[in-house]
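Presented below is the structure to which this report refers.
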Amino acid sequence: MAYKKTNKTAKQVQSEIVNEIADRFVKCLSEGIIPWKMPWNSKNSGFIKSDGKPYSFLNSFLLAFQGGSPNEYVTMLEIEKRTKSSAKDGSVWAHFNRTADGKIPKSKKVYFYTRVEYTKKDSEGKPLLDEKGNEVKGFYPYLKASSVWEVGVDINCPKKFDKPIQTFSNNQIAECEKVLVEYLAREGIKFEHNGSQAYYSPSKDLISVPSIEQFHSSELYYGTVFHECAHSSGHSKRLNRNIEKRDRSSYSQEELVAEICSNMLLHDMGYATEQNDIDSKAYVQNWAKAIKCDPSIVEKACRQAVKAANYIYGTKE
C-alpha cells in the first residue's frame with residue numbers, strides 16, 4: 001500500500017521515521033548535548049504525556065532536543081478536550097501562544113509503536129485458518145509519529161498533572177548575593193525566578209532561573225546564577241562574544257566560558273563545593289568532542305572566562 005500524499009510505501013515511511021530519530025541522536029551527540037543531572041527540582045520532574053504517564057527515555061531526549069522542557073505535553077485531540085474547542089472550525093487555535101509574527105508554535109514530534117493486524121498466510125500465500133475455519137491473525141509493531149505541544153508554553157489549556165515542587169531550606173549567601181545584585185543593577189539586566197528552567201535571553205537581556213528553594217543547595221543555586229550571568233556578560237553591549245547570533249560551532253565555546261566563569265567566581269568567594277565541581281565536570285564533558293577537535297578552545301575559554309568574571313565583579317580588567 002502506498003500513501004496517497006507521498007506515494008511512499010509504509011515500509012519507506014517507517015524507514016524515514018527511524019532514520020530521522022537516528023539522525024537527531026547523532027546530531028545531539030555530535031553537538032555534545034548529553035543530559036546531565038539538573039541541580040534543581042523542576043515543577044514537573046519529567047516529560048509527561050496527557051494521561052499523566054512519563055514519556056520514554058527516547059521521547060524525553062527528543063523533546064529536550066526540540067527545545068522542550070520537563071512539562072506536560074498534549075496532542076491536538078487532548079487540546080480540543082481541555083479547551084472545549086474544535087480544530088475543524090478553527091476555535092481551538094485561539095488558545096495557542098502565538099509568536100511575535102503571529103504564527104502558531106511549531107509542534108514537537110514524539111514516536112510510539114502501535115499494533116497492526118494482518119492475516120497469516122501459508123507457503124502458497126493462502127490465509128491460514130484455525131480449527132473453526134476463521135482466519136488466523138497476527139500483529140506487527142508499527143512506528144508512528146505524533147505531534148504534541150507543551151502546556152503553558154505552546155498552548156493555553158489547563159494542566160492535569162501539576163506536581164508540587166520539592167523544596168529545600170536554602171538561604172542566600174550574602175557575598176554571592178551582593179555580587180549578583182550589584183552586577184544586575186550596574187548593567188540593567190532583568191532577573192526573574194521561574195519553575196523549571198535556567199537561561200539567559202539576549203533579546204530581552206533577562207536572566208531567568210528556578211528559585212533558590214528548588215536547588216539542592218545554596219551553592220548550586222549561585223553556581224547556576226553565575227553561569228547565566230557569564231552568558232549575559234557576552235552581550236554585544238558588554239564583552240561582545242557574539243552570543244546573540246552564535247552558531248553551532250561557537251556554542252560549545254560559550255558554554256565552556258560560562259561554566260568556567262561560574263566556577264571561578266564560586267572558588268574565589270570560597271563557596272565552591274564538591275558537588276559544584278562534580279556538576280561542572282559533568283557539564284563540561286558535554287563539550288569533550290569539540291575540545292578534542294580543537295584543544296585551543298579551552299585556552300580561549302579560560303581567557304574569556306577571566307574577563308567575564310572581572311566584568312561581573314565590576315573591575316572590567
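Chain labels A, B, ... are given in the sequence in which chains occur in the C-alpha cells; within each chain residues are numbered consecutively from 1, and ligands are likewise numbered from 1 in the order shown.
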
Next on the checklist: Need the shell around Ala272 in chain A: protein/DNA/RNA residues with any atom at most 12 Å away, counting only C-alpha atoms. Skip same-chain ones fewer than 6 positions apart. Format as a list in words?
Outcome noted: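 Counting only C-alpha atoms, the residues come to Ile173, Cys176, Ser217, Ser218, Glu219, Leu220, Tyr221, Tyr222, Gly223, Thr224, Phe226, Ser262, Asn263, Met264, Leu265, Leu266, Ile278, Asp279 and Ser280 of chain A.
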
Next on the checklist: Just want the 7 Å neighbourhood of Phe96 in chain A, counted on only C-alpha atoms, with same-chain residues fewer than 5 positions away dropped. Output as a list in words.
Outcome noted: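 My reading of the contact set: Ile104, Asp154, Ile155 and Asn156 of chain A.
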
Checklist entry - Out of A:Lys49, A:Lys88, A:Arg186, A:Lys126, which residue has the shortest atom-to-atom distance to Val148 in chain A when counting only C-alpha atoms? => result A:Lys49

Next on the checklist: Residues within 12 Å of Lys121 in chain A, please, as number ranges by chain. Count only C-alpha atoms; anything in the same chain fewer than 2 positions from it doesn't count.
Outcome noted: A: 118-119, 123-130, 135-138

Next on the checklist: Please report the interatomic distance between CA of Cys302 in chain A and CA of Ser203 in chain A in Å with one decimal.
Outcome noted: 25.5 Å

Checklist entry - Skipping near chain neighbours, those fewer than 3 positions away, what residues fall within 12 Å of Val306 in chain A using only C-alpha atoms, listed as a list of chain:residue names? => result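 So, after excluding close chain neighbours, the residues are A:Ala230, A:Ser233, A:Leu239, A:Leu256, A:Val257, A:Ala258, A:Glu259, A:Ile260, A:Cys261, A:Ser262, A:Asn263, A:Met264, A:Leu265, A:Asp268, A:Glu299, A:Lys300, A:Ala301, A:Cys302, A:Arg303, A:Ala309, A:Asn310, A:Tyr311, A:Ile312, A:Tyr313, A:Thr315, A:Lys316, A:Glu317.
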
Checklist entry - Could you pull out the strand (DSSP E) residues of range 64-310 of chain A from DSSP and send them as an MDAnalysis selection string? => result chainID A and resid 73:74 108:119 137:150 190:194 199:201 206:210
